[in-house]
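Trainee: One file is attached below, upload-v2.txt, containing compact mmCIF, C-alpha atoms and all ligand atoms.
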# COMPACT_ATOMS: atom_id res chain seq x y z
CA MET A 1 -14.14 61.18 139.08
CA ARG A 2 -12.29 58.06 138.02
CA SER A 3 -10.39 57.85 141.27
CA ALA A 4 -13.34 58.80 143.50
CA LEU A 5 -15.64 56.11 142.14
CA ASP A 6 -13.09 53.53 141.00
CA GLN A 7 -14.25 53.81 137.42
CA VAL A 8 -11.86 51.23 136.07
CA ASP A 9 -13.86 49.35 133.50
CA THR A 10 -13.16 45.70 132.89
CA PRO A 11 -11.04 45.07 129.77
CA VAL A 12 -12.89 43.11 127.07
CA ARG A 13 -10.68 40.03 127.50
CA ILE A 14 -11.43 39.76 131.25
CA ALA A 15 -15.11 40.60 130.79
CA ARG A 16 -15.32 37.73 128.35
CA LEU A 17 -13.56 35.41 130.75
CA ILE A 18 -16.15 36.29 133.39
CA ALA A 19 -19.03 35.73 130.96
CA GLU A 20 -17.62 32.36 129.96
CA GLN A 21 -17.72 31.17 133.58
CA LEU A 22 -21.50 31.52 133.74
CA ILE A 23 -23.11 28.12 133.49
CA ASP A 24 -26.38 27.43 131.66
CA VAL A 25 -27.64 30.98 131.39
CA ASP A 26 -30.12 31.13 128.56
CA SER A 27 -33.01 33.08 130.02
CA GLY A 28 -33.73 35.41 132.93
CA ARG A 29 -32.07 38.51 134.32
CA VAL A 30 -28.34 39.11 134.56
CA PHE A 31 -27.42 41.93 136.95
CA ASP A 32 -24.37 44.14 137.41
CA PRO A 33 -24.79 46.32 140.55
CA THR A 34 -22.00 48.72 139.52
CA VAL A 35 -22.46 48.50 135.77
CA GLY A 36 -20.30 51.42 134.59
CA GLU A 37 -20.17 51.41 130.80
CA GLY A 38 -21.70 47.93 130.74
CA SER A 39 -18.60 45.91 129.78
CA LEU A 40 -19.59 42.84 131.81
CA LEU A 41 -23.17 42.70 130.58
CA LEU A 42 -22.01 43.27 126.99
CA ALA A 43 -19.67 40.28 127.31
CA VAL A 44 -22.53 38.15 128.70
CA GLN A 45 -24.65 39.23 125.74
CA GLU A 46 -21.88 38.28 123.35
CA VAL A 47 -21.26 34.87 124.92
CA HIS A 48 -24.79 33.80 125.95
CA GLY A 49 -27.17 36.27 124.32
CA ASN A 50 -30.00 34.65 122.42
CA GLY A 51 -32.75 37.16 122.96
CA ALA A 52 -34.11 35.50 126.11
CA LEU A 53 -31.74 37.17 128.58
CA GLU A 54 -32.64 40.44 130.25
CA TYR A 55 -29.81 42.82 131.19
CA VAL A 56 -30.08 44.85 134.39
CA GLY A 57 -27.51 47.33 135.66
CA ALA A 58 -27.14 50.12 138.22
CA ASP A 59 -24.46 52.73 138.80
CA ILE A 60 -24.04 55.76 141.02
CA ASP A 61 -22.81 57.95 138.15
CA ARG A 62 -25.73 59.47 136.30
CA HIS A 63 -23.65 60.30 133.23
CA ARG A 64 -22.63 56.69 132.84
CA VAL A 65 -26.22 55.60 133.39
CA ALA A 66 -27.49 58.06 130.76
CA ARG A 67 -24.90 56.91 128.22
CA LEU A 68 -25.67 53.24 128.78
CA ARG A 69 -29.43 53.78 128.55
CA GLU A 70 -28.93 55.53 125.25
CA ARG A 71 -26.75 52.74 123.87
CA GLN A 72 -28.84 49.88 125.29
CA PRO A 73 -32.47 51.00 125.33
CA GLN A 74 -33.68 47.43 125.94
CA TRP A 75 -31.73 47.06 129.18
CA ILE A 76 -32.98 48.10 132.62
CA VAL A 77 -30.39 50.65 133.77
CA SER A 78 -30.83 52.75 136.92
CA GLU A 79 -28.92 55.40 138.76
CA ALA A 80 -28.44 54.04 142.28
CA ASN A 81 -25.95 54.08 145.09
CA ALA A 82 -25.54 50.39 145.88
CA LEU A 83 -24.54 51.17 149.47
CA ASP A 84 -27.62 53.26 150.23
CA PRO A 85 -30.80 51.25 151.03
CA LYS A 86 -33.07 54.17 150.09
CA SER A 87 -31.37 54.69 146.76
CA ARG A 88 -31.58 50.94 146.05
CA SER A 89 -35.26 50.73 146.90
CA GLN A 90 -36.01 53.67 144.60
CA SER A 91 -34.19 52.08 141.70
CA ARG A 92 -35.98 50.01 139.10
CA ALA A 93 -32.91 47.82 138.53
CA TRP A 94 -32.46 46.79 142.19
CA ARG A 95 -36.22 46.21 142.56
CA ALA A 96 -36.30 44.09 139.41
CA VAL A 97 -33.67 41.64 140.62
CA GLN A 98 -35.35 41.11 143.98
CA THR A 99 -38.01 38.95 142.45
CA SER A 100 -36.22 37.43 139.51
CA CYS A 101 -32.51 37.13 138.81
CA GLU A 102 -30.52 34.39 137.12
CA ALA A 103 -26.96 35.62 137.62
CA VAL A 104 -24.93 38.52 138.99
CA VAL A 105 -21.67 39.70 137.45
CA PHE A 106 -19.47 42.17 139.29
CA ASN A 107 -16.35 44.25 139.31
CA PRO A 108 -17.10 46.64 142.16
CA PRO A 109 -15.06 49.59 143.44
CA PHE A 110 -12.19 48.30 145.58
CA SER A 111 -11.46 51.42 147.55
CA PHE A 112 -13.49 53.42 149.97
CA ARG A 113 -13.03 56.85 151.41
CA GLY A 114 -14.37 57.41 154.87
CA ASN A 115 -14.27 55.16 157.89
CA GLY A 116 -12.59 52.29 156.05
CA GLY A 117 -15.51 49.89 156.10
CA VAL A 118 -19.14 49.52 155.07
CA ARG A 119 -21.65 48.72 157.79
CA LEU A 120 -24.48 46.44 156.70
CA GLU A 121 -27.13 44.24 158.18
CA LEU A 122 -27.06 40.78 156.65
CA GLY A 123 -28.98 37.75 157.81
CA GLY A 124 -30.01 39.70 160.93
CA VAL A 125 -26.38 40.41 161.87
CA GLN A 126 -24.64 43.80 161.70
CA ARG A 127 -21.34 43.50 159.85
CA THR A 128 -18.62 45.89 158.80
CA LEU A 129 -17.12 44.74 155.53
CA SER A 130 -14.43 45.96 153.21
CA PRO A 131 -15.97 47.85 150.28
CA ALA A 132 -15.61 45.30 147.49
CA THR A 133 -16.96 42.50 149.70
CA ALA A 134 -19.85 44.76 150.73
CA TYR A 135 -21.04 45.14 147.12
CA VAL A 136 -21.01 41.36 146.72
CA ALA A 137 -22.81 40.90 150.04
CA LEU A 138 -25.53 43.36 149.09
CA SER A 139 -26.05 41.79 145.69
CA LEU A 140 -26.38 38.37 147.32
CA ASP A 141 -28.81 39.74 149.83
CA VAL A 142 -31.03 41.55 147.34
CA ALA A 143 -30.76 39.42 144.20
CA LYS A 144 -31.61 36.31 146.25
CA PRO A 145 -32.87 34.16 143.39
CA ALA A 146 -29.50 34.35 141.55
CA ARG A 147 -28.02 30.88 141.12
CA GLN A 148 -24.55 32.18 140.39
CA MET A 149 -22.38 35.23 140.88
CA ILE A 150 -19.11 35.67 139.03
CA GLY A 151 -16.74 38.57 139.27
CA ILE A 152 -13.64 40.29 140.50
CA LEU A 153 -12.48 40.94 144.05
CA PRO A 154 -9.18 42.32 145.33
CA ALA A 155 -6.50 39.69 145.99
CA GLY A 156 -6.41 38.92 149.68
CA SER A 157 -10.17 39.38 150.10
CA PHE A 158 -10.49 36.04 151.87
CA ALA A 159 -7.46 36.72 153.99
CA ASN A 160 -8.94 39.95 155.23
CA LYS A 161 -9.74 39.59 158.92
CA ARG A 162 -12.70 41.95 158.72
CA ASP A 163 -14.47 39.91 156.03
CA LEU A 164 -13.50 36.42 157.16
CA GLU A 165 -16.62 35.73 159.20
CA PHE A 166 -18.81 36.86 156.32
CA TRP A 167 -17.07 34.54 153.85
CA GLU A 168 -17.35 31.65 156.27
CA TRP A 169 -21.06 32.39 156.59
CA ILE A 170 -21.46 32.46 152.79
CA GLU A 171 -19.52 29.26 152.49
CA ARG A 172 -21.94 27.46 154.75
CA GLN A 173 -24.81 28.28 152.41
CA ARG A 174 -23.31 28.38 148.93
CA SER A 175 -20.32 27.14 147.03
CA LEU A 176 -17.41 29.52 146.81
CA GLU A 177 -14.51 29.14 144.40
CA VAL A 178 -11.49 31.16 143.47
CA LEU A 179 -11.29 30.52 139.73
CA ARG A 180 -8.15 32.43 138.94
CA SER A 181 -5.72 35.04 140.21
CA LEU A 182 -5.35 38.06 137.98
CA PRO A 183 -1.93 39.70 138.29
CA ARG A 184 -1.22 43.38 138.78
CA GLY A 185 -1.65 45.30 135.57
CA THR A 186 -4.69 43.29 134.42
CA PHE A 187 -6.71 46.48 134.91
CA PRO A 188 -5.05 49.47 133.27
CA GLY A 189 -3.62 51.88 135.81
CA VAL A 190 -4.41 49.64 138.79
CA SER A 191 -1.50 48.26 140.78
CA ALA A 192 -3.55 45.78 142.86
CA SER A 193 -3.84 42.15 141.84
CA SER A 194 -7.23 40.54 141.97
CA LEU A 195 -9.19 37.29 142.00
CA LEU A 196 -11.87 35.90 139.76
CA ILE A 197 -14.44 34.24 142.00
CA ARG A 198 -17.64 32.28 141.62
CA ILE A 199 -20.37 32.00 144.21
CA GLY A 200 -22.81 29.22 143.45
CA GLY A 201 -26.48 29.00 144.31
CA VAL A 202 -27.96 28.11 147.68
CA ASN A 203 -27.30 24.44 148.42
CA SER A 204 -25.67 24.01 145.04
CA GLY A 205 -23.77 21.14 146.62
CA ALA A 206 -20.23 22.09 145.66
CA GLY A 207 -19.40 22.77 149.31
CA ARG A 208 -16.25 24.48 150.34
CA LEU A 209 -13.86 22.91 147.87
CA PRO A 210 -13.34 23.43 144.16
CA PRO A 211 -15.53 21.02 142.17
CA ASN A 212 -12.66 19.77 140.01
CA ARG A 213 -10.73 18.40 142.95
CA THR A 214 -9.53 14.83 142.70
CA ALA A 215 -8.87 14.06 146.36
CA PRO A 216 -11.73 12.56 148.37
CA PRO A 217 -13.13 15.07 150.86
CA LEU A 218 -11.86 15.17 154.41
CA GLN A 219 -13.89 12.84 156.58
CA PRO A 220 -15.64 14.23 159.67
CA ASN A 221 -13.56 12.00 161.95
CA GLU A 222 -10.20 12.91 160.43
CA CYS A 223 -7.86 15.12 162.41
CA VAL A 224 -7.42 18.34 160.44
CA CYS A 225 -4.85 19.94 162.76
CA VAL A 226 -1.98 21.44 160.81
CA ASP A 227 1.24 22.68 162.41
CA VAL A 228 2.36 25.84 160.68
CA ILE A 229 6.13 26.10 161.05
CA ARG A 230 8.14 29.05 159.91
CA GLY A 231 11.80 28.34 159.10
CA ARG A 232 14.26 30.11 161.38
CA VAL A 233 17.62 30.12 159.62
CA GLN A 234 18.87 33.26 157.90
CA VAL A 235 20.61 32.28 154.68
CA HIS A 236 23.43 34.80 154.95
CA ARG A 237 24.31 33.60 158.46
CA HIS A 238 24.42 29.92 157.54
CA GLN A 239 27.68 28.26 156.58
CA GLU A 240 26.62 24.89 155.21
CA LEU A 241 24.23 25.95 152.46
CA GLU A 242 23.92 22.39 151.16
CA THR A 243 21.93 21.51 154.31
CA LEU A 244 19.46 24.37 154.06
CA VAL A 245 16.08 24.40 152.28
CA HIS A 246 15.69 27.85 150.82
CA THR A 247 13.01 29.14 148.41
CA ARG A 248 15.31 28.63 145.45
CA ASN A 249 15.50 24.89 146.33
CA LEU A 250 11.74 24.51 146.26
CA GLY A 251 10.57 23.05 142.99
CA ALA A 252 13.22 21.33 140.94
CA ASP A 253 16.14 21.47 143.31
CA LEU A 254 14.97 20.04 146.64
CA ASP A 255 16.80 16.73 146.21
CA SER A 256 20.11 18.55 146.23
CA VAL A 257 19.59 19.53 149.90
CA ARG A 258 21.27 17.24 152.40
CA ARG A 259 18.73 15.83 154.89
CA GLY A 260 19.25 14.66 158.45
CA SER A 261 20.62 17.95 159.75
CA LEU A 262 21.55 17.78 163.43
CA ASP A 263 20.78 21.45 163.90
CA PRO A 264 18.12 21.74 166.64
CA ARG A 265 16.13 24.11 164.41
CA ALA A 266 15.52 21.35 161.84
CA VAL A 267 11.94 20.25 161.14
CA GLU A 268 11.04 16.57 161.06
CA GLY A 269 8.28 14.58 159.37
CA ARG A 270 6.21 14.67 156.22
CA VAL A 271 5.59 18.32 155.44
CA THR A 272 4.30 20.54 152.70
CA LEU A 273 6.87 23.22 152.00
CA LEU A 274 5.98 26.56 150.48
CA PRO A 275 7.72 29.89 150.08
CA ARG A 276 6.98 32.61 152.58
CA VAL A 277 8.55 35.27 150.40
CA GLY A 278 8.59 35.67 146.64
CA LYS A 279 6.28 35.47 143.69
CA PRO A 280 3.64 32.76 144.20
CA ASP A 281 4.66 29.72 142.16
CA VAL A 282 2.65 26.50 142.21
CA ARG A 283 5.78 24.43 141.48
CA LYS A 284 7.27 25.50 144.78
CA VAL A 285 4.45 24.05 146.89
CA GLN A 286 6.05 20.74 147.56
CA ILE A 287 5.74 17.74 149.79
CA ALA A 288 8.91 16.42 151.46
CA SER A 289 9.97 14.02 154.19
CA GLY A 290 12.99 13.69 156.45
CA ARG A 291 14.77 16.02 158.78
CA MET A 292 15.33 19.39 157.15
CA LEU A 293 16.68 22.75 158.09
CA LEU A 294 14.48 25.55 156.72
CA SER A 295 15.46 29.07 155.83
CA ASP A 296 13.30 31.86 157.24
CA CYS A 297 11.79 32.31 153.75
CA VAL A 298 10.05 28.93 153.88
CA PHE A 299 6.97 27.61 155.65
CA ALA A 300 6.39 23.94 156.48
CA LEU A 301 2.91 22.54 157.11
CA ARG A 302 2.62 19.29 159.02
CA ALA A 303 -0.44 17.14 159.72
CA LEU A 304 -0.74 14.30 162.23
CA ASP A 305 -1.97 11.82 159.68
CA ARG A 306 -0.08 10.96 156.50
CA ASN A 307 -3.24 10.91 154.36
CA VAL A 308 -4.31 14.30 155.65
CA ALA A 309 -0.79 15.60 154.94
CA ASP A 310 -1.09 14.44 151.33
CA ARG A 311 -4.62 15.83 151.05
CA LEU A 312 -3.43 19.18 152.37
CA HIS A 313 -0.72 19.32 149.73
CA GLU A 314 -3.16 18.37 147.00
CA LEU A 315 -5.73 20.94 148.11
CA LEU A 316 -3.15 23.70 148.18
CA LEU A 317 -2.23 22.86 144.59
CA GLU A 318 -5.85 22.71 143.47
CA SER A 319 -6.70 25.95 145.21
CA PHE A 320 -3.47 27.60 144.21
CA ALA A 321 -5.19 30.77 143.01
CA HIS A 322 -6.53 31.13 146.52
CA LEU A 323 -3.15 30.51 148.11
CA ALA A 324 -1.51 32.92 145.66
CA SER A 325 -3.98 35.61 146.68
CA GLY A 326 -2.44 35.57 150.17
CA TYR A 327 0.94 36.82 148.93
CA ALA A 328 0.89 40.57 149.29
CA GLY A 329 3.09 43.50 150.22
CA THR A 330 4.53 46.54 148.60
CA GLY A 331 8.06 45.17 148.16
CA ALA A 332 8.64 41.45 147.59
CA PRO A 333 5.29 39.63 147.87
CA HIS A 334 5.09 37.62 151.07
CA LEU A 335 2.65 35.45 152.91
CA THR A 336 2.07 36.28 156.56
CA LEU A 337 1.36 33.60 159.13
CA GLN A 338 -2.03 35.15 159.70
CA ARG A 339 -3.00 35.04 156.00
CA LEU A 340 -1.76 31.46 155.68
CA GLU A 341 -3.89 30.46 158.67
CA VAL A 342 -6.96 32.08 157.13
CA ILE A 343 -6.41 30.15 153.88
CA LEU A 344 -5.91 26.86 155.73
CA ARG A 345 -9.10 27.41 157.70
CA PHE A 346 -10.92 28.21 154.49
CA LEU A 347 -9.78 24.85 153.11
CA GLY A 348 -11.13 23.06 156.17
CA PHE A 349 -7.99 22.68 158.30
CA GLU A 350 -7.23 23.77 161.84
CA PRO A 351 -3.88 25.59 161.78
CA ARG A 352 -1.73 26.09 164.88
CA GLN A 353 1.70 27.67 165.09
CA ALA A 354 4.63 25.47 166.03
CA GLY A 355 8.40 25.83 166.28
CA PRO A 356 10.63 23.80 163.93
CA SER A 357 11.82 21.45 166.66
CA ASP A 358 8.39 20.99 168.31
CA MET A 359 7.04 17.48 167.98
CA MET A 360 3.53 17.30 166.59
CA SER A 361 1.26 17.65 169.61
CA GLU A 362 -2.08 15.97 170.19
CA CYS A 363 -5.12 16.64 168.08
CA SER A 364 -6.88 19.83 169.07
CA CYS A 365 -9.46 20.08 166.29
CA GLY A 366 -12.08 17.95 168.03
CA SER A 367 -11.99 15.03 165.56
CA GLN A 368 -12.50 12.63 168.50
CA ASP A 369 -15.62 14.50 169.59
CA ARG A 370 -16.92 14.53 166.04
CA THR A 371 -16.42 10.77 165.76
CA SER A 372 -18.31 10.02 168.96
CA ALA A 373 -21.10 12.44 168.01
CA ALA A 374 -21.50 10.77 164.61
C1 LIG B 1 -14.58 49.25 138.69
S1 LIG B 1 -15.88 50.04 137.82
C2 LIG B 1 -16.57 48.66 137.02
C3 LIG B 1 -17.65 48.95 136.06
C4 LIG B 1 -18.22 47.72 135.36
N1 LIG B 1 -18.86 46.82 136.32
C5 LIG B 1 -17.14 46.97 134.60
O1 LIG B 1 -16.80 45.89 135.05
O2 LIG B 1 -16.66 47.45 133.59
C6 LIG B 1 -16.89 50.43 139.17
C7 LIG B 1 -18.19 51.20 138.87
O3 LIG B 1 -18.85 51.38 140.13
C8 LIG B 1 -19.50 52.63 140.12
N2 LIG B 1 -19.72 52.97 141.53
C9 LIG B 1 -18.84 53.51 142.42
N3 LIG B 1 -19.44 53.63 143.64
C10 LIG B 1 -20.71 53.16 143.50
C11 LIG B 1 -21.82 53.01 144.39
N4 LIG B 1 -21.72 53.39 145.68
N5 LIG B 1 -22.97 52.48 143.90
C12 LIG B 1 -23.07 52.10 142.60
N6 LIG B 1 -22.07 52.23 141.72
C13 LIG B 1 -20.89 52.74 142.16
C14 LIG B 1 -18.56 53.53 139.37
O4 LIG B 1 -19.24 54.65 138.84
C15 LIG B 1 -18.02 52.58 138.28
O5 LIG B 1 -18.80 52.69 137.12
Just dump the structure as structure tokens.
Mentor:
Amino acid sequence: MRSALDQVDTPVRIARLIAEQLIDVDSGRVFDPTVGEGSLLLAVQEVHGNGALEYVGADIDRHRVARLRERQPQWIVSEANALDPKSRSQSRAWRAVQTSCEAVVFNPPFSFRGNGGVRLELGGVQRTLSPATAYVALSLDVAKPARQMIGILPAGSFANKRDLEFWEWIERQRSLEVLRSLPRGTFPGVSASSLLIRIGGVNSGAGRLPPNRTAPPLQPNECVCVDVIRGRVQVHRHQELETLVHTRNLGADLDSVRRGSLDPRAVEGRVTLLPRVGKPDVRKVQIASGRMLLSDCVFALRALDRNVADRLHELLLESFAHLASGYAGTGAPHLTLQRLEVILRFLGFEPRQAGPSDMMSECSCGSQDRTSAA
């Protein structure tokens, strides 16, 4: 049963962390669409409970529902399959949150047996989403009044091609933040790493970037083209190691690398360097200038404009949890070009692949058109 329904309940420490991210909840309904044993709602009660909150939960497993009802007779708890419209419409919990809901908390099942995706109609458009994203999408669609949703999604959710369009659509209407990456092992017996995310209310104003950012936002007329350059040099084939930027040089040791390499594979300009392979480490996301030879374990990101280059670096640091979520793989974690491009687009940039020796080509993001239209 545990494996079929992903019944991995949220540990108390993480449930509390989720509850603490809710802002200004003192009255109204808090909903968990896959409530399980109620760990998330219990944490909300502990952190914010003052008698004025109403707790609403649904779960497909009738035994879990029966147990929770017995333990929490004041809560609205229903047996319902979140993915089945009929089951939702017959459930008191799902009906209750349609009209009034303050916040949604979630840790949905991550896996799905069957055709590998969940088909839904959202905003008049048919979409096929990965399972965890589908639970979030449905909750957003049904519990429309909710001003905030906080919960857990699998790492890489935003880098998933299937869900990308959906997240971009959400981002246009609400704020979306990755609050933290949770490493493997956070959930007992689960090898996947995950993300703690917050979706703000409609027009909550936070836009696409984390609210605590210090850099001014990108201006509509700024060129947001970013060359994504993958290093080409294999470390074990290279003789002069002192001229090569490898992952181990990123962070503290970059100054020890000799610049000005005459190798035609060297990259030139002001670039943000980051590891392609290895454990995500914020200290290794680094800005550098000069002519450098990059190992094939390193990416360089280059913008046309120096300010945009600095902004890009700053945003990657501020959204590091998001960047870290792109590192995946069964062996050594690595970031694919495709995942990096998805993350850059999410941050508002226009990535394009380039070779190390390519000069930065002309703007292709339409900044000129945007300026004349403004
Ligand atoms: C990962 S657990 C999380 C439970 C709880 N939200 C928590 O954080 O502790 C996922 C829950 O989803 C329930 N579930 C699985 N498939 C479901 C579905 N289609 N509709 C509703 N609940 C489902 C499982 O029974 C399980 O209780």
Trainee: Kindly compile the residues surrounding ligand LIG 1 (chain B) within 8 Å, counting all atoms listed in the file, and format them as JSON, numbers by chain.
Mentor: {"A": [2, 4, 5, 6, 7, 8, 9, 10, 11, 15, 32, 33, 34, 35, 36, 37, 38, 39, 40, 58, 59, 60, 61, 64, 79, 80, 81, 82, 83, 84, 105, 106, 107, 108, 109, 110]}
Trainee: Need the shell around range 264-272 of chain A: protein/DNA/RNA residues with any atom at most 7 Å away, counting all atoms listed in the file. Skip same-chain ones fewer than 3 positions apart. Format as an mmCIF file with C-alpha atoms, in the coordinates of the input?
Mentor:
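Result file selection37.cif:
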data_model
loop_
_atom_site.group_PDB
_atom_site.id
_atom_site.type_symbol
_atom_site.label_atom_id
_atom_site.label_comp_id
_atom_site.auth_asym_id
_atom_site.auth_seq_id
_atom_site.Cartn_x
_atom_site.Cartn_y
_atom_site.Cartn_z
ATOM 1 C CA ARG A 232 14.260 30.110 161.380
ATOM 2 C CA SER A 261 20.620 17.950 159.750
ATOM 3 C CA VAL A 285 4.450 24.050 146.890
ATOM 4 C CA GLN A 286 6.050 20.740 147.560
ATOM 5 C CA ILE A 287 5.740 17.740 149.790
ATOM 6 C CA ALA A 288 8.910 16.420 151.460
ATOM 7 C CA SER A 289 9.970 14.020 154.190
ATOM 8 C CA GLY A 290 12.990 13.690 156.450
ATOM 9 C CA ARG A 291 14.770 16.020 158.780
ATOM 10 C CA MET A 292 15.330 19.390 157.150
ATOM 11 C CA LEU A 293 16.680 22.750 158.090
ATOM 12 C CA LEU A 294 14.480 25.550 156.720
ATOM 13 C CA ALA A 300 6.390 23.940 156.480
ATOM 14 C CA LEU A 301 2.910 22.540 157.110
ATOM 15 C CA ARG A 302 2.620 19.290 159.020
ATOM 16 C CA ALA A 309 -0.790 15.600 154.940
ATOM 17 C CA HIS A 313 -0.720 19.320 149.730
ATOM 18 C CA PRO A 356 10.630 23.800 163.930
ATOM 19 C CA SER A 357 11.820 21.450 166.660
#
Trainee: So how many Å separate CA of Asp358 in chain A and CA of Lys284 in chain A, to one decimal?
Mentor: 24.0 Å
Trainee: In file coordinates, which residues lie within 10 Å of (-1.3, 23.1, 141.9) using all atoms listed in the file, given as number ranges by chain?
Mentor: A: 281-286, 313-321, 323
Trainee: Quote the spacing between CA of Cys365 in chain A and CA of Val224 in chain A in Å to one decimal place.
Mentor: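 Those two atoms sit 6.4 Å apart.
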Trainee: Using only C-alpha atoms, which residue out of A:Leu250, A:Glu171, A:Ile150, A:Pro188 lies closest to Gly278 in chain A?
Mentor: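 Result for the nearest residue to Gly278 in chain A: A:Leu250.
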Trainee: As a ChimeraX atom specification, please: the residues near Ala332 in chain A (cut-off 12 Å, all atoms listed in the file, same-chain neighbours under 4 positions excluded).
Mentor: /A:275-280,297,327-328
Trainee: So the first atom is CA of Thr247 in chain A and the second is CA of Gly231 in chain A; what is the distance between them in Å, to one decimal place?
Mentor: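 Going from CA of Thr247 in chain A over to CA of Gly231 in chain A, I get 10.8 Å.
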Trainee: Between A:Ala146, A:Ala155, A:Leu122, A:Val77, which has the minimum distance to Thr99 in chain A (counting only C-alpha atoms)?
Mentor: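 Result for the nearest residue to Thr99 in chain A: A:Ala146.
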Trainee: Hey, what's within 8 Å of range 180-182 of chain A if we count all atoms listed in the file and toss same-chain stuff fewer than 2 positions away? As number ranges by chain, please?
Mentor: A: 155, 178, 184, 186, 193-197, 321-322, 324-325
Trainee: Range 232-236 of chain A, all listed atoms, 3 Å padding on each side: what axis-aligned box centre and edge lengths in Å to one decimal come out, as JSON?
Mentor:
{"center_x": 18.8, "center_y": 32.5, "center_z": 158.0, "size_x": 15.2, "size_y": 10.7, "size_z": 12.7}
Trainee: Which of these residues is nearest to Arg339 in chain A, using all atoms listed in the file: A:Ser91, A:Ser157, A:Gln173, A:Asn50?
Mentor: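 Result for the nearest residue to Arg339 in chain A: A:Ser157.
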Trainee: Rank A:Arg29, A:Arg71, A:Arg119, A:His246 by their smallest atom-to-atom distance to Ala52 in chain A, using only C-alpha atoms, and report the top residue only.
Mentor: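 Of the candidates, the smallest distance to Ala52 in chain A is held by A:Arg29.
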Trainee: Neighbours of Val97 in chain A within 12 Å (all atoms listed in the file; same-chain residues fewer than 2 positions away dropped), as a PyMOL selection string?
Mentor: chain A and resi 28-33+54-58+76-77+88-89+91-95+99-104+138-146
Trainee: Counting all atoms listed in the file, what is within 10 Å of Glu121 in chain A, bar same-chain residues fewer than 4 positions away, as a compact mmCIF listing (two decimals) with C-alpha atoms, in the coordinates of the input?
Mentor:
# COMPACT_ATOMS: atom_id res chain seq x y z
CA VAL A 125 -26.38 40.41 161.87
CA GLN A 126 -24.64 43.80 161.70
CA ARG A 127 -21.34 43.50 159.85
CA THR A 128 -18.62 45.89 158.80
CA ALA A 137 -22.81 40.90 150.04
CA LEU A 138 -25.53 43.36 149.09
CA ASP A 141 -28.81 39.74 149.83
Trainee: Which of these, A:Ala132, A:Leu53, A:Val226, A:Ile152, has the shortest distance to Pro183 in chain A once you count all atoms listed in the file?
Mentor: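 Among A:Ala132, A:Leu53, A:Val226, A:Ile152, it is A:Ile152 that comes nearest to Pro183 in chain A.
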Trainee: A:Gly326, A:Gly51, A:Gly116, A:Gly123: which is nearest Asp26 in chain A, counting all atoms listed in the file?
Mentor: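 Once distances to Asp26 in chain A are computed over all atoms listed in the file, the minimum belongs to A:Gly51.
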